[in-house]
Structures are given as structure tokens and as C-alpha cells.
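Written out below as C-alpha cells is the structure these notes cover.
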Amino acid sequence: MRVYVNGRLVSKKDAVVSVFDHGLLYGDGVFEGIRAYNGRVFLLDEHLRRLYASARAIALEIPLTPKKMAEAVVATCKANRLRDGYIRLVVTRGVGSLGLNPYLCKNPQVICIAGAIQLYPKELYETGMAIVTVGTMRNHTEAINPRIKSLNYLNNVLAKIEAINAGVMECILLNPQGFVAEASGDNVFIVRGSELVTPPTWCGALRGITRDAVLRLALEHGYTAREDVLTRYDLYTADEVFLTGTAAEIIAVTEIDRRKIGEGKPGPVTRRLAAAFAEYARHTGTPIE
């Protein structure tokens with residue numbers, strides 16, 4: 001494996017950062033998870049816009065232009081002969097002192113990793129998955145706004161621990177008001193008839209790249225789609241529930257908190273959108289070759 005680190009492609013063992021990097025010491029940095037399909041980097045421009053927006057939100061100046069960053073992503077994919085896989089793009093604050101002051105960090109670090117990923121077992125895409133709601137509350141949007149895709153992912157990690165301890169692979173986080181925010185690593189949708197509903201970002205949801213693609217595809221396929229506040233009651237009584245994410249793509253949820261969702265199997269809307277997304281992803285993106 002070749003890893004891009006600050007303008008150089010190096011071996012995996014040589015891809016290192018300083019122990020004084022604020023990304024390590026404080027989770028001070030931003031990242032994007034991106035997919036490659038069929039020799040194309042999927043929605044790279046959208047991912048880079050979010051990366052640079054996250055950086056601006058934490059006053060982090062990325063040392064590359066978006067064009068140069070795109071070139072670095074493509075070069076990393078080429079170096080690893082990646083046609084279908086996962087790309088992790090990371091920008092850390094860089095080396096600083098043991099104190100919090102970020103302005104003492106003069107050289108942000110840019111890292112790009114390209115390799116394989118399998119978030120959930122293949123069979124769950126056929127049968128659907130069981131999830132739970134957890135006690136870990138989503139960060140308040142005025143504390144750490146979840147729209148900032150930062151390296152500080154402890155809120156999500158704590159929720160994932162609860163999910164695993166409950167015997168499932170994913171969970172739903174509620175916000176401080178008790179409304180549905182998102183899963184530990186995915187956005188959540190419910191289906192009622194021909195209507196799709198997903199929580200708004202002000203409820204604590206990341207504005208996911210796959211989420212937005214699904215909203216567009218839903219409209220193109222004759223469904224209505226909107227953002228609205230959701231409660232656990234809305235999840236339990238939905239016709240269908242599914243999750244979306246860069247790594248997860250689209251996966252049905254068939255049980256929540258031991259309550260069967262719909263008929264207890266992936267529903268027709270979820271299946272149709274998953275097929276549409278797979279086709280869209282294979283023909284959309286920045287060519288690697």
C-alpha cells in the first residue's frame with residue numbers, strides 16, 4: 001500500500017505523524033471518507049467542498065487548493081491500483097505544543113489512504129439489520145456541530161460501544177431534545193408510503209454525501225423526500241427504515257429496539273433506491289485513469 005503524506009507517496013510503514021500532532025493529541029483536524037466505483041472517485045467535488053467547509057469551521061487552513069487535493073486523491077488511487085474501494089482523506093492541525101493553542105501549529109498535515117472496506121456483512125444487505133437506540137446523546141449542535149466532520153469522533157465511538165454491547169452493529173443517537181439525530185456512522189431515513197423523511201442537520205445529523213444523493217434519486221424516481229423532525233415513535237411505526245453512508249451505501253433496518261419494522265425485511269422503496277444508487281455510483285465521479 002502507498003499512502004499520500006504531505007505531497008509524497010510512501011509505504012504504509014513510513015506513513016507516520018508526530019506524537020505532537022494536534023490531530024493525535026486533541027482530535028484537532030477534519031476528514032472525509034470517499035468511495036471509488038468502477039475506476040471513478042464518487043462525488044469527489046462534493047466531498048472536497050465539505051472537507052474545506054469543515055476546515056473553515058475550525059479555523060484550519062488546508063495547505064492545498066481543492067484542485068491540488070483532488071489530484072492527490074486520484075494519484076493515491078492510481079498508486080494503489082484502486083478501482084473499487086474506500087479513500088480516507090485527513091487533514092490534521094499539525095505539530096504544536098502540549099497546550100491547546102492551535103495557532104502554534106504551523107504546518108497542517110495532509111494524508112490520503114486508499115484501500116478496501118467492508119462495513120457490514122454482505123448478508124445484511126439481503127436481510128436487513130437490527131439496531132438499537134442508545135443512551136449516548138448526540139453532541140449539541142452549539143457545542144461540537146456534527147456538520148463538522150472532525151477527527152474527534154468520540155461521541156460516535158461511545159455510541160458504537162453501546163451498540164456492540166447490545167449485540168448489534170449499529171445504533172440511533174438522539175439529540176438533547178430527544179429527537180432522532182443519526183446513526184453512529186450513517187444517516188437515517190424512514191419511508192411512509194411513497195414519502196421519505198430524514199432528520200434535518202439542526203437535529204444533529206451530518207449532511208451526508210450519500211444522504212443528499214439519495215434525496216435526489218428519490219425525487220427522480222417519483223417519491224417525495226423531505227427533512228423533518230423524527231422521534232422513536234416515527235421509527236417504530238415507519239413502513240421502512242434504512243441507513244445511508246459512504247461506507248454503508250444503503251442498508252435496510254428491519255428491527256429497532258426489538259420492534260419489527262414493516263414486514264421485517266427490506267422494503268420495496270429501499271430495494272429500488274439501493275439499486276438506483278448502485279447504478280448511479282458506477283457511472284458518476286472523477287476518473288482515476
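Each chain of the C-alpha cells is named A, B, ... in the order shown, its residues numbered from 1; ligands are numbered from 1 in display order.
The protein and nucleic acid residues lying at most 8 Å from range 256-270 of chain A are Glu126, Thr127, Gly128, Ala130, Ile131, Val132, Thr133, Val191, Ser194, Leu235, Tyr236, Thr237, Ala238, Asp239, Glu240, Val241, Phe242, Ile250, Ile251, Ala252, Val253, Thr254, Arg272, Leu273 and Ala274 of chain A, with only C-alpha atoms considered and sequence neighbours fewer than 2 positions away removed.
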Exercise for review: Please provide the set of residues having any atom within 12 Å of Asn101 in chain A, restricted to only C-alpha atoms, with same-chain residues fewer than 4 positions apart removed, written as a PyMOL selection string.
Suggested key: chain A and resi 22+25-26+28+59+93-97+105-106
Can you spit out the residues from that selection as a PDB file, in the first residue's frame, using N, CA and C atoms?
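Written output follows (result38.pdb):
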```pdb
ATOM      1  N   HIS A  22      -1.485  17.813  16.776  1.00  0.00           N
ATOM      2  CA  HIS A  22      -2.729  18.095  17.490  1.00  0.00           C
ATOM      3  C   HIS A  22      -3.882  17.202  17.020  1.00  0.00           C
ATOM      4  N   LEU A  25      -3.172  14.472  19.556  1.00  0.00           N
ATOM      5  CA  LEU A  25      -3.316  14.909  20.945  1.00  0.00           C
ATOM      6  C   LEU A  25      -4.736  15.343  21.294  1.00  0.00           C
ATOM      7  N   TYR A  26      -5.431  15.965  20.329  1.00  0.00           N
ATOM      8  CA  TYR A  26      -6.730  16.559  20.654  1.00  0.00           C
ATOM      9  C   TYR A  26      -7.843  16.238  19.653  1.00  0.00           C
ATOM     10  N   ASP A  28      -7.800  17.200  16.665  1.00  0.00           N
ATOM     11  CA  ASP A  28      -7.915  18.512  16.035  1.00  0.00           C
ATOM     12  C   ASP A  28      -7.598  18.384  14.542  1.00  0.00           C
ATOM     13  N   ALA A  59     -11.290  26.866  11.828  1.00  0.00           N
ATOM     14  CA  ALA A  59     -10.173  27.789  11.589  1.00  0.00           C
ATOM     15  C   ALA A  59      -8.884  27.053  11.229  1.00  0.00           C
ATOM     16  N   ARG A  93      -4.204  19.348  12.295  1.00  0.00           N
ATOM     17  CA  ARG A  93      -3.699  20.690  12.613  1.00  0.00           C
ATOM     18  C   ARG A  93      -2.188  20.754  12.482  1.00  0.00           C
ATOM     19  N   GLY A  94      -1.528  19.651  12.710  1.00  0.00           N
ATOM     20  CA  GLY A  94      -0.072  19.609  12.616  1.00  0.00           C
ATOM     21  C   GLY A  94       0.588  19.652  13.983  1.00  0.00           C
ATOM     22  N   VAL A  95       1.912  19.670  13.967  1.00  0.00           N
ATOM     23  CA  VAL A  95       2.698  19.644  15.199  1.00  0.00           C
ATOM     24  C   VAL A  95       2.564  20.969  15.939  1.00  0.00           C
ATOM     25  N   GLY A  96       2.354  20.853  17.254  1.00  0.00           N
ATOM     26  CA  GLY A  96       2.266  22.034  18.103  1.00  0.00           C
ATOM     27  C   GLY A  96       2.799  21.722  19.485  1.00  0.00           C
ATOM     28  N   SER A  97       2.405  22.503  20.442  1.00  0.00           N
ATOM     29  CA  SER A  97       2.836  22.285  21.822  1.00  0.00           C
ATOM     30  C   SER A  97       1.868  21.335  22.513  1.00  0.00           C
ATOM     31  N   CYS A 105       0.468  25.655  15.808  1.00  0.00           N
ATOM     32  CA  CYS A 105       0.656  24.586  14.819  1.00  0.00           C
ATOM     33  C   CYS A 105       0.779  25.247  13.445  1.00  0.00           C
ATOM     34  N   LYS A 106       1.951  25.223  12.881  1.00  0.00           N
ATOM     35  CA  LYS A 106       2.228  25.999  11.672  1.00  0.00           C
ATOM     36  C   LYS A 106       2.079  25.212  10.373  1.00  0.00           C
TER      37      LYS A 106
END
```
Tell me, which residues of range 171-227 of chain A carry DSSP helix (DSSP H, G or I), written as a PDB file with C-alpha atoms, in the first residue's frame?
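Final output, out.pdb:
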```pdb
ATOM      1  CA  THR A 201     -28.949  18.867  10.155  1.00  0.00           C
ATOM      2  CA  TRP A 202     -30.016  21.115  13.030  1.00  0.00           C
ATOM      3  CA  CYS A 203     -31.179  17.972  14.840  1.00  0.00           C
ATOM      4  CA  ILE A 209     -22.956  12.960   0.672  1.00  0.00           C
ATOM      5  CA  THR A 210     -24.823   9.664   0.194  1.00  0.00           C
ATOM      6  CA  ARG A 211     -27.815  11.140   2.046  1.00  0.00           C
ATOM      7  CA  ASP A 212     -28.039  14.010  -0.424  1.00  0.00           C
ATOM      8  CA  ALA A 213     -27.595  11.665  -3.391  1.00  0.00           C
ATOM      9  CA  VAL A 214     -30.479   9.509  -2.118  1.00  0.00           C
ATOM     10  CA  LEU A 215     -32.692  12.579  -1.710  1.00  0.00           C
ATOM     11  CA  ARG A 216     -32.039  13.452  -5.374  1.00  0.00           C
ATOM     12  CA  LEU A 217     -32.581   9.890  -6.574  1.00  0.00           C
ATOM     13  CA  ALA A 218     -35.832   9.623  -4.623  1.00  0.00           C
ATOM     14  CA  LEU A 219     -37.271  12.625  -6.440  1.00  0.00           C
ATOM     15  CA  GLU A 220     -36.101  11.287  -9.808  1.00  0.00           C
TER      16      GLU A 220
END
```
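Between CA of Leu44 in chain A and CA of Arg207 in chain A the separation is 15.1 Å.
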Can you tell me which residues surround Gln109 in chain A at a distance of at most 8 Å, considering only C-alpha atoms, apart from same-chain residues fewer than 6 positions away, and format the answer as a tab-separated table (two decimals) with N, CA and C atoms, in the first residue's frame?
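Below is the file that was written, around_34.tsv:
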```
chain	number	residue	atom	x	y	z
A	5	VAL	N	1.32	11.37	1.97
A	5	VAL	CA	1.58	12.16	3.18
A	5	VAL	C	2.32	13.43	2.76
A	6	ASN	N	1.62	14.54	2.81
A	6	ASN	CA	2.25	15.85	2.54
A	6	ASN	C	3.03	15.90	1.23
A	90	VAL	N	-7.48	12.94	5.20
A	90	VAL	CA	-7.34	13.51	6.54
A	90	VAL	C	-6.47	14.76	6.49
A	91	VAL	N	-6.91	15.80	7.20
A	91	VAL	CA	-6.07	16.99	7.40
A	91	VAL	C	-6.00	17.25	8.90
A	92	THR	N	-4.80	17.17	9.44
A	92	THR	CA	-4.61	17.44	10.87
A	92	THR	C	-4.10	18.86	11.07
A	93	ARG	N	-4.20	19.35	12.29
A	93	ARG	CA	-3.70	20.69	12.61
A	93	ARG	C	-2.19	20.75	12.48
A	94	GLY	N	-1.53	19.65	12.71
A	94	GLY	CA	-0.07	19.61	12.62
A	94	GLY	C	0.59	19.65	13.98
```
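Using only C-alpha atoms, the nearest neighbour of Leu48 in chain A within the list A:Glu123, A:Lys149, A:Pro102, A:His140 is A:Lys149.
Distance annotation: of A:Lys68, A:Arg8, A:Arg81, A:Arg2, the residue with the minimal separation from Glu289 in chain A is A:Arg81; atom set is only C-alpha atoms.
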**Study point:** In range 27-263 of chain A, DSSP strand (DSSP E) residues written as JSON, numbers by chain
**Key:** {"A": [29, 30, 31, 32, 33, 34, 35, 36, 37, 40, 41, 85, 86, 87, 88, 89, 90, 91, 92, 109, 110, 111, 112, 113, 114, 115, 129, 130, 131, 132, 133, 171, 172, 173, 174, 180, 181, 182, 183, 187, 188, 189, 190, 191, 192, 195, 196, 197, 198, 224, 225, 226, 227, 240, 241, 242, 243, 244, 245, 249, 250, 251, 252, 253, 254, 255, 256, 259, 260]}
Review point. Which neighbours of Ile34 in chain A fall inside 7 Å, counting only C-alpha atoms, when residues of the same chain fewer than 6 positions from it are skipped, and could you give them as a ChimeraX atom specification?
Key: /A:42,86-88,246
Exercise for review: Just the residues within 6 Å of Gly245 in chain A, please, counting only C-alpha atoms, with nothing from its chain fewer than 3 positions along; format it as JSON, numbers by chain.
Suggested key: {"A": [186, 210, 248, 249]}
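Of the listed residues (A:Leu9, A:Thr76, A:Thr224, A:Arg282), A:Thr224 comes nearest to Thr198 in chain A; the distances count only C-alpha atoms.
The spacing separating CA of Met1 in chain A from CA of Cys112 in chain A amounts to 11.4 Å.
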**Study point:** Neighbour list for Gly204 in chain A as a count of residues only, cut-off 9 Å, only C-alpha atoms, skip fewer than 3 positions in-chain
**Key:** 15
Can you tell me which residues surround Asp45 in chain A at a distance of at most 10 Å, considering only C-alpha atoms, apart from same-chain residues fewer than 3 positions away, and format the answer as a PDB file with N, CA and C atoms, in the first residue's frame?
```
ATOM      1  N   VAL A  41     -13.711   8.215  -8.738  1.00  0.00           N
ATOM      2  CA  VAL A  41     -13.882   8.675  -7.360  1.00  0.00           C
ATOM      3  C   VAL A  41     -15.259   9.310  -7.266  1.00  0.00           C
ATOM      4  N   PHE A  42     -16.125   8.732  -6.450  1.00  0.00           N
ATOM      5  CA  PHE A  42     -17.539   9.105  -6.393  1.00  0.00           C
ATOM      6  C   PHE A  42     -17.736  10.461  -5.720  1.00  0.00           C
ATOM      7  N   LEU A  48     -14.956  17.254  -1.271  1.00  0.00           N
ATOM      8  CA  LEU A  48     -13.962  18.300  -1.018  1.00  0.00           C
ATOM      9  C   LEU A  48     -14.619  19.585  -0.526  1.00  0.00           C
ATOM     10  N   ARG A  49     -15.787  19.912  -1.047  1.00  0.00           N
ATOM     11  CA  ARG A  49     -16.486  21.096  -0.529  1.00  0.00           C
ATOM     12  C   ARG A  49     -16.780  20.938   0.959  1.00  0.00           C
ATOM     13  N   ARG A  50     -17.201  19.738   1.358  1.00  0.00           N
ATOM     14  CA  ARG A  50     -17.487  19.518   2.781  1.00  0.00           C
ATOM     15  C   ARG A  50     -16.216  19.540   3.605  1.00  0.00           C
ATOM     16  N   LEU A  51     -15.129  18.954   3.072  1.00  0.00           N
ATOM     17  CA  LEU A  51     -13.851  18.971   3.785  1.00  0.00           C
ATOM     18  C   LEU A  51     -13.392  20.399   4.051  1.00  0.00           C
ATOM     19  N   PRO A  66      -8.308  23.073  -3.548  1.00  0.00           N
ATOM     20  CA  PRO A  66      -9.174  21.928  -3.855  1.00  0.00           C
ATOM     21  C   PRO A  66      -8.730  21.171  -5.101  1.00  0.00           C
ATOM     22  N   LYS A  67      -8.229  21.877  -6.118  1.00  0.00           N
ATOM     23  CA  LYS A  67      -7.763  21.202  -7.330  1.00  0.00           C
ATOM     24  C   LYS A  67      -6.576  20.293  -7.020  1.00  0.00           C
ATOM     25  N   ALA A  70      -7.715  17.268  -5.079  1.00  0.00           N
ATOM     26  CA  ALA A  70      -8.321  16.269  -5.961  1.00  0.00           C
ATOM     27  C   ALA A  70      -7.246  15.471  -6.686  1.00  0.00           C
ATOM     28  N   GLY A 285     -18.581  10.310 -11.244  1.00  0.00           N
ATOM     29  CA  GLY A 285     -17.380  10.601 -10.465  1.00  0.00           C
ATOM     30  C   GLY A 285     -16.207  11.038 -11.309  1.00  0.00           C
ATOM     31  N   THR A 286     -15.100  11.270 -10.634  1.00  0.00           N
ATOM     32  CA  THR A 286     -13.848  11.726 -11.253  1.00  0.00           C
ATOM     33  C   THR A 286     -13.033  10.515 -11.697  1.00  0.00           C
TER      34      THR A 286
END
```
Point to revise | Gap from CA of Gly178 in chain A to CA of Ala159 in chain A - Å, one decimal | key: 15.1 Å
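When only C-alpha atoms are used to compute distances to Phe20 in chain A, the closest of the residues A:Val73, A:Ala205, A:Leu104, A:Gln118 turns out to be A:Leu104.
Minimum distance to Pro287 in chain A across A:Ala36, A:Leu100, A:Val188, A:Leu243 (counting only C-alpha atoms) occurs at A:Ala36.
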